[in-house]
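Note: the block below is target_3.pdb and it holds PDB, C-alpha atoms and all ligand atoms.
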MODEL        1
ATOM      1  CA  MET E 236      90.509 112.009 145.196  1.00  0.00           C
ATOM      2  CA  GLU E 237      88.322 114.092 147.476  1.00  0.00           C
ATOM      3  CA  SER E 238      89.619 117.569 148.177  1.00  0.00           C
ATOM      4  CA  PRO E 239      89.829 118.516 151.849  1.00  0.00           C
ATOM      5  CA  HIS E 240      87.103 121.175 151.907  1.00  0.00           C
ATOM      6  CA  ALA E 241      86.300 122.427 155.366  1.00  0.00           C
ATOM      7  CA  GLN E 242      83.026 123.703 153.915  1.00  0.00           C
ATOM      8  CA  ILE E 243      81.573 124.764 150.607  1.00  0.00           C
ATOM      9  CA  VAL E 244      79.952 128.182 150.440  1.00  0.00           C
ATOM     10  CA  PRO E 245      76.431 127.518 149.127  1.00  0.00           C
ATOM     11  CA  SER E 246      76.052 128.995 145.615  1.00  0.00           C
ATOM     12  CA  PRO E 247      78.043 132.196 146.094  1.00  0.00           C
ATOM     13  CA  VAL E 248      77.167 134.967 143.649  1.00  0.00           C
ATOM     14  CA  PHE E 249      80.000 137.316 142.784  1.00  0.00           C
ATOM     15  CA  PHE E 250      80.668 140.763 141.486  1.00  0.00           C
ATOM     16  CA  ALA E 251      84.105 141.032 139.894  1.00  0.00           C
ATOM     17  CA  ASP E 252      85.664 144.465 139.549  1.00  0.00           C
ATOM     18  CA  ALA E 253      86.980 145.896 136.262  1.00  0.00           C
ATOM     19  CA  MET E 254      90.471 144.455 136.760  1.00  0.00           C
ATOM     20  CA  LEU E 255      89.219 140.900 137.097  1.00  0.00           C
ATOM     21  CA  GLY E 256      87.670 140.221 133.684  1.00  0.00           C
ATOM     22  CA  ARG E 257      89.564 137.008 133.089  1.00  0.00           C
ATOM     23  CA  LEU E 258      88.688 135.644 136.537  1.00  0.00           C
ATOM     24  CA  ALA E 259      85.034 136.585 135.950  1.00  0.00           C
ATOM     25  CA  ARG E 260      84.970 134.637 132.672  1.00  0.00           C
ATOM     26  CA  TRP E 261      86.401 131.539 134.330  1.00  0.00           C
ATOM     27  CA  LEU E 262      84.086 131.722 137.326  1.00  0.00           C
ATOM     28  CA  ARG E 263      81.160 131.869 134.912  1.00  0.00           C
ATOM     29  CA  MET E 264      82.344 128.857 132.954  1.00  0.00           C
ATOM     30  CA  LEU E 265      82.796 127.047 136.276  1.00  0.00           C
ATOM     31  CA  GLY E 266      79.117 127.778 136.921  1.00  0.00           C
ATOM     32  CA  TYR E 267      79.343 130.692 139.360  1.00  0.00           C
ATOM     33  CA  ASP E 268      76.928 133.563 138.840  1.00  0.00           C
ATOM     34  CA  THR E 269      79.415 136.417 138.404  1.00  0.00           C
ATOM     35  CA  ALA E 270      78.440 139.971 137.535  1.00  0.00           C
ATOM     36  CA  TYR E 271      81.113 141.986 135.781  1.00  0.00           C
ATOM     37  CA  ASP E 272      81.051 145.495 134.406  1.00  0.00           C
ATOM     38  CA  LYS E 273      84.155 146.851 132.740  1.00  0.00           C
ATOM     39  CA  VAL E 274      83.079 150.465 133.164  1.00  0.00           C
ATOM     40  CA  ILE E 275      81.260 151.167 136.401  1.00  0.00           C
ATOM     41  CA  ALA E 276      81.584 153.979 138.938  1.00  0.00           C
ATOM     42  CA  ASP E 277      82.438 152.935 142.490  1.00  0.00           C
ATOM     43  CA  GLU E 278      79.069 154.089 143.844  1.00  0.00           C
ATOM     44  CA  SER E 279      77.133 152.076 141.245  1.00  0.00           C
ATOM     45  CA  LEU E 280      79.301 149.056 141.896  1.00  0.00           C
ATOM     46  CA  ILE E 281      78.670 149.236 145.641  1.00  0.00           C
ATOM     47  CA  SER E 282      74.955 149.711 145.073  1.00  0.00           C
ATOM     48  CA  ARG E 283      74.770 146.623 142.827  1.00  0.00           C
ATOM     49  CA  VAL E 284      76.812 144.523 145.257  1.00  0.00           C
ATOM     50  CA  LEU E 285      74.409 145.437 148.058  1.00  0.00           C
ATOM     51  CA  THR E 286      71.075 145.189 146.230  1.00  0.00           C
ATOM     52  CA  GLU E 287      71.969 141.970 144.396  1.00  0.00           C
ATOM     53  CA  GLN E 288      73.600 140.593 147.559  1.00  0.00           C
ATOM     54  CA  ARG E 289      76.793 139.693 145.730  1.00  0.00           C
ATOM     55  CA  TRP E 290      80.235 138.956 147.089  1.00  0.00           C
ATOM     56  CA  LEU E 291      82.727 141.500 145.763  1.00  0.00           C
ATOM     57  CA  LEU E 292      85.988 140.307 144.242  1.00  0.00           C
ATOM     58  CA  THR E 293      88.354 143.227 143.833  1.00  0.00           C
ATOM     59  CA  ARG E 294      91.958 144.305 143.400  1.00  0.00           C
ATOM     60  CA  ASN E 295      91.130 147.733 144.829  1.00  0.00           C
ATOM     61  CA  ARG E 296      92.346 148.015 148.415  1.00  0.00           C
ATOM     62  CA  TYR E 297      90.824 151.474 148.847  1.00  0.00           C
ATOM     63  CA  LEU E 298      87.384 150.355 147.777  1.00  0.00           C
ATOM     64  CA  VAL E 299      87.237 147.618 150.396  1.00  0.00           C
ATOM     65  CA  GLN E 300      87.757 150.146 153.164  1.00  0.00           C
ATOM     66  CA  ARG E 301      84.149 151.240 152.622  1.00  0.00           C
ATOM     67  CA  LYS E 302      82.063 150.307 155.618  1.00  0.00           C
ATOM     68  CA  SER E 303      79.211 148.943 153.477  1.00  0.00           C
ATOM     69  CA  LEU E 304      81.541 146.403 151.879  1.00  0.00           C
ATOM     70  CA  ARG E 305      82.819 145.033 155.146  1.00  0.00           C
ATOM     71  CA  ASP E 306      82.347 141.252 155.376  1.00  0.00           C
ATOM     72  CA  ARG E 307      81.262 140.999 151.771  1.00  0.00           C
ATOM     73  CA  HIS E 308      84.431 141.095 149.771  1.00  0.00           C
ATOM     74  CA  THR E 309      87.650 139.290 148.953  1.00  0.00           C
ATOM     75  CA  LEU E 310      90.669 141.424 148.149  1.00  0.00           C
ATOM     76  CA  ILE E 311      92.359 139.521 145.338  1.00  0.00           C
ATOM     77  CA  GLU E 312      96.125 139.515 145.849  1.00  0.00           C
ATOM     78  CA  SER E 313      97.493 138.376 142.495  1.00  0.00           C
ATOM     79  CA  ASP E 314      97.224 139.402 138.846  1.00  0.00           C
ATOM     80  CA  HIS E 315      97.486 135.786 137.776  1.00  0.00           C
ATOM     81  CA  LEU E 316      94.396 133.732 137.157  1.00  0.00           C
ATOM     82  CA  GLN E 317      95.664 130.546 138.710  1.00  0.00           C
ATOM     83  CA  ALA E 318      96.736 132.296 141.915  1.00  0.00           C
ATOM     84  CA  GLN E 319      93.399 134.116 142.012  1.00  0.00           C
ATOM     85  CA  LEU E 320      91.484 130.848 141.805  1.00  0.00           C
ATOM     86  CA  GLN E 321      93.799 129.345 144.398  1.00  0.00           C
ATOM     87  CA  GLN E 322      93.019 132.252 146.752  1.00  0.00           C
ATOM     88  CA  LEU E 323      89.260 131.791 146.293  1.00  0.00           C
ATOM     89  CA  ARG E 324      89.631 128.087 146.827  1.00  0.00           C
ATOM     90  CA  SER E 325      91.494 128.484 150.098  1.00  0.00           C
ATOM     91  CA  GLU E 326      89.610 131.497 151.501  1.00  0.00           C
ATOM     92  CA  LEU E 327      86.058 130.819 150.313  1.00  0.00           C
ATOM     93  CA  HIS E 328      86.423 127.052 149.936  1.00  0.00           C
ATOM     94  CA  LEU E 329      85.288 127.483 146.384  1.00  0.00           C
ATOM     95  CA  ASP E 330      84.600 124.234 144.633  1.00  0.00           C
ATOM     96  CA  LEU E 331      86.615 124.184 141.411  1.00  0.00           C
ATOM     97  CA  ASP E 332      85.311 120.835 140.327  1.00  0.00           C
ATOM     98  CA  LEU E 333      83.624 120.588 136.983  1.00  0.00           C
ATOM     99  CA  SER E 334      82.095 117.169 136.982  1.00  0.00           C
ATOM    100  CA  ASP E 335      80.475 117.145 133.544  1.00  0.00           C
ATOM    101  CA  ASN E 336      83.468 118.787 131.869  1.00  0.00           C
ATOM    102  CA  THR E 337      81.483 121.435 129.974  1.00  0.00           C
ATOM    103  CA  PRO E 338      81.265 125.195 130.659  1.00  0.00           C
ATOM    104  CA  SER E 339      77.966 126.000 132.384  1.00  0.00           C
ATOM    105  CA  ARG E 340      77.593 129.782 132.114  1.00  0.00           C
ATOM    106  CA  CYS E 341      78.390 132.105 129.238  1.00  0.00           C
ATOM    107  CA  ALA E 342      81.807 133.710 129.761  1.00  0.00           C
ATOM    108  CA  LEU E 343      80.565 136.881 128.085  1.00  0.00           C
ATOM    109  CA  CYS E 344      77.099 137.431 129.528  1.00  0.00           C
ATOM    110  CA  ASN E 345      76.766 135.145 132.568  1.00  0.00           C
ATOM    111  CA  ASN E 346      73.672 133.367 131.188  1.00  0.00           C
ATOM    112  CA  ILE E 347      73.191 129.668 131.878  1.00  0.00           C
ATOM    113  CA  LEU E 348      74.214 127.659 128.805  1.00  0.00           C
ATOM    114  CA  ILE E 349      71.763 125.268 127.194  1.00  0.00           C
ATOM    115  CA  PRO E 350      72.664 121.969 125.499  1.00  0.00           C
ATOM    116  CA  ILE E 351      72.007 122.026 121.761  1.00  0.00           C
ATOM    117  CA  PRO E 352      71.682 119.193 119.248  1.00  0.00           C
ATOM    118  CA  HIS E 353      74.920 118.273 117.513  1.00  0.00           C
ATOM    119  CA  GLU E 354      73.428 119.129 114.090  1.00  0.00           C
ATOM    120  CA  LYS E 355      72.766 122.672 115.235  1.00  0.00           C
ATOM    121  CA  ALA E 356      76.410 123.156 116.223  1.00  0.00           C
ATOM    122  CA  THR E 357      77.896 121.662 113.045  1.00  0.00           C
ATOM    123  CA  SER E 358      76.705 124.550 110.911  1.00  0.00           C
ATOM    124  CA  THR E 359      78.544 127.059 113.108  1.00  0.00           C
ATOM    125  CA  VAL E 360      81.674 125.512 114.631  1.00  0.00           C
ATOM    126  CA  PRO E 361      84.793 124.481 112.643  1.00  0.00           C
ATOM    127  CA  ALA E 362      84.415 121.084 110.939  1.00  0.00           C
ATOM    128  CA  TYR E 363      87.144 119.351 112.958  1.00  0.00           C
ATOM    129  CA  VAL E 364      85.560 120.582 116.200  1.00  0.00           C
ATOM    130  CA  ALA E 365      82.210 119.153 115.135  1.00  0.00           C
ATOM    131  CA  ARG E 366      83.911 115.839 114.340  1.00  0.00           C
ATOM    132  CA  VAL E 367      85.702 115.358 117.670  1.00  0.00           C
ATOM    133  CA  HIS E 368      83.239 116.854 120.161  1.00  0.00           C
ATOM    134  CA  PRO E 369      79.945 115.091 120.832  1.00  0.00           C
ATOM    135  CA  ARG E 370      78.407 117.763 123.081  1.00  0.00           C
ATOM    136  CA  PHE E 371      77.789 121.468 122.635  1.00  0.00           C
ATOM    137  CA  VAL E 372      76.085 124.127 124.725  1.00  0.00           C
ATOM    138  CA  GLN E 373      74.887 127.573 123.676  1.00  0.00           C
ATOM    139  CA  CYS E 374      74.170 130.909 125.317  1.00  0.00           C
ATOM    140  CA  PRO E 375      70.503 131.846 124.822  1.00  0.00           C
ATOM    141  CA  ASN E 376      71.471 135.526 124.875  1.00  0.00           C
ATOM    142  CA  CYS E 377      74.537 136.010 122.631  1.00  0.00           C
ATOM    143  CA  GLU E 378      74.202 132.596 120.891  1.00  0.00           C
ATOM    144  CA  ARG E 379      77.877 131.789 121.401  1.00  0.00           C
ATOM    145  CA  ILE E 380      78.512 128.036 121.274  1.00  0.00           C
ATOM    146  CA  TYR E 381      80.799 126.323 123.802  1.00  0.00           C
ATOM    147  CA  TRP E 382      82.471 122.953 123.902  1.00  0.00           C
ATOM    148  CA  PRO E 383      85.206 121.480 126.097  1.00  0.00           C
ATOM    149  CA  GLY E 384      88.094 122.548 123.819  1.00  0.00           C
ATOM    150  CA  THR E 385      91.839 122.376 124.330  1.00  0.00           C
ATOM    151  CA  HIS E 386      92.109 125.605 126.335  1.00  0.00           C
ATOM    152  CA  TRP E 387      89.316 124.470 128.591  1.00  0.00           C
ATOM    153  CA  THR E 388      90.879 121.037 129.110  1.00  0.00           C
ATOM    154  CA  GLN E 389      94.250 122.574 129.995  1.00  0.00           C
ATOM    155  CA  MET E 390      92.561 124.799 132.548  1.00  0.00           C
ATOM    156  CA  LEU E 391      90.755 121.848 134.076  1.00  0.00           C
ATOM    157  CA  VAL E 392      94.058 120.053 134.498  1.00  0.00           C
ATOM    158  CA  ARG E 393      95.458 123.077 136.314  1.00  0.00           C
ATOM    159  CA  LEU E 394      92.368 123.320 138.490  1.00  0.00           C
ATOM    160  CA  GLN E 395      92.748 119.661 139.373  1.00  0.00           C
ATOM    161  CA  GLU E 396      96.351 120.343 140.353  1.00  0.00           C
ATOM    162  CA  LEU E 397      95.152 123.170 142.585  1.00  0.00           C
ATOM    163  CA  ARG E 398      92.587 120.890 144.190  1.00  0.00           C
ATOM    164  CA  ALA E 399      95.211 118.268 144.854  1.00  0.00           C
ATOM    165  CA  SER E 400      97.717 120.718 146.343  1.00  0.00           C
TER
HETATM  166 ZN    ZN N 501      76.341 134.897 126.103  1.00  0.00          ZN
ENDMDL
END

How would this structure read if it were set down as structure tokens?
Ligand SMILES: [Zn+2]
Amino acid sequence: MESPHAQIVPSPVFFADAMLGRLARWLRMLGYDTAYDKVIADESLISRVLTEQRWLLTRNRYLVQRKSLRDRHTLIESDHLQAQLQQLRSELHLDLDLSDNTPSRCALCNNILIPIPHEKATSTVPAYVARVHPRFVQCPNCERIYWPGTHWTQMLVRLQELRAS
């Protein structure tokens, strides 16, 4: 079923503040370029948001009072991932669809993941994972291997519920 998007923001790039690590990881796996720095001073954060032309996602209501951040932030209201994604979906019309069912950016370093041959994955991932999953992708930076595992599938189901609501 098609979701009733009024519009889709073209390839938004995000900067998630220190309190939004989990959201940042999920946005990355959903394919959104999301910068995240656990330890960053406010001034450096603002400077990166401006120079890299990113959209700030933050829980900090004092930070967003800065004039330079006006019209380039979303103040995230909830601590819960699902509600956070719901807010981005309704306010930014974020597309939470994941058509090919595989994470597309590294949750840890934001790099675009690259498909790898099945043989390459079998030496690294648990044997049962290698048996049941035909497709694997890998981060060219940290070399972490991803596949659409149980956790991922559960999240996709929840995202689909959000899209249908
Ligand atoms: Zn990585």

10 Å from ligand ZN 501 (chain N) is the threshold here; counting all atoms listed in the file, which polymer residues fall inside it? Answer as a ChimeraX atom specification.
/E:340-348,373-381

May I have the residues within 7 Å of Ala270 in chain E as a ChimeraX atom specification, using all atoms listed in the file and disregarding those fewer than 3 positions away in the same chain?
/E:249-251

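A straight line drawn from CA of Tyr267 in chain E to CA of Val248 in chain E is 6.4 Å long.
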
For the file shown, what are the residues hit by the PyMOL selection byres (((chain E and resi 354) around 12) and not hetatm), laid out as a PDB file with C-alpha atoms, in the frame of the given file?
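The result, stored in out_21.pdb:
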ATOM      1  CA  PRO E 350      72.664 121.969 125.499  1.00  0.00           C
ATOM      2  CA  ILE E 351      72.007 122.026 121.761  1.00  0.00           C
ATOM      3  CA  PRO E 352      71.682 119.193 119.248  1.00  0.00           C
ATOM      4  CA  HIS E 353      74.920 118.273 117.513  1.00  0.00           C
ATOM      5  CA  LYS E 355      72.766 122.672 115.235  1.00  0.00           C
ATOM      6  CA  ALA E 356      76.410 123.156 116.223  1.00  0.00           C
ATOM      7  CA  THR E 357      77.896 121.662 113.045  1.00  0.00           C
ATOM      8  CA  SER E 358      76.705 124.550 110.911  1.00  0.00           C
ATOM      9  CA  THR E 359      78.544 127.059 113.108  1.00  0.00           C
ATOM     10  CA  VAL E 360      81.674 125.512 114.631  1.00  0.00           C
ATOM     11  CA  ALA E 362      84.415 121.084 110.939  1.00  0.00           C
ATOM     12  CA  ALA E 365      82.210 119.153 115.135  1.00  0.00           C
ATOM     13  CA  ARG E 366      83.911 115.839 114.340  1.00  0.00           C
ATOM     14  CA  HIS E 368      83.239 116.854 120.161  1.00  0.00           C
ATOM     15  CA  PRO E 369      79.945 115.091 120.832  1.00  0.00           C
ATOM     16  CA  ARG E 370      78.407 117.763 123.081  1.00  0.00           C
ATOM     17  CA  PHE E 371      77.789 121.468 122.635  1.00  0.00           C
TER      18      PHE E 371
END

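The set of protein, DNA and RNA residues with any counted atom at most 12 Å from (90.6, 122.8, 131.8) (all atoms listed in the file) reads E:Trp261, E:Met264, E:Leu265, E:Gln317, E:Leu331, E:Asp332, E:Leu333, E:Ser334, E:Asp335, E:Asn336, E:Thr337, E:Pro338, E:Trp382, E:Pro383, E:Gly384, E:Thr385, E:His386, E:Trp387, E:Thr388, E:Gln389, E:Met390, E:Leu391, E:Val392, E:Arg393, E:Leu394, E:Gln395, E:Glu396, E:Leu397.
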
Excluding same-chain residues fewer than 3 positions from Asp272 in chain E, what lies within 8 Å of it counting only C-alpha atoms, as a short mmCIF file (atom, residue, chain, number, x, y, z; two decimals) with C-alpha atoms, in the frame of the given file?
data_model
loop_
_atom_site.label_atom_id
_atom_site.label_comp_id
_atom_site.auth_asym_id
_atom_site.auth_seq_id
_atom_site.Cartn_x
_atom_site.Cartn_y
_atom_site.Cartn_z
CA ALA E 251 84.10 141.03 139.89
CA ASP E 252 85.66 144.46 139.55
CA ALA E 253 86.98 145.90 136.26
CA ILE E 275 81.26 151.17 136.40
#

Care to translate the PyMOL selection byres (((chain E and resi 284) around 10) and not hetatm) into actual residues of this file, as a PyMOL selection string?
chain E and resi 248-251+270+278-283+285-291+303-304+307-308

The PyMOL selection byres (((chain E and resi 314) around 10) and not hetatm) on the file shown: which residues, as a count of residues only?
13

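As for CA of Leu323 in chain E and CA of Tyr297 in chain E, they are spaced 19.9 Å apart.
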
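Of note, CA of Val364 in chain E and CA of Ser339 in chain E are spaced 18.7 Å apart.
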
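Shortest separation to Val299 in chain E among E:His328, E:Val372, E:Val367, E:Asp277 occurs at residue E:Asp277, atoms counted being only C-alpha atoms.
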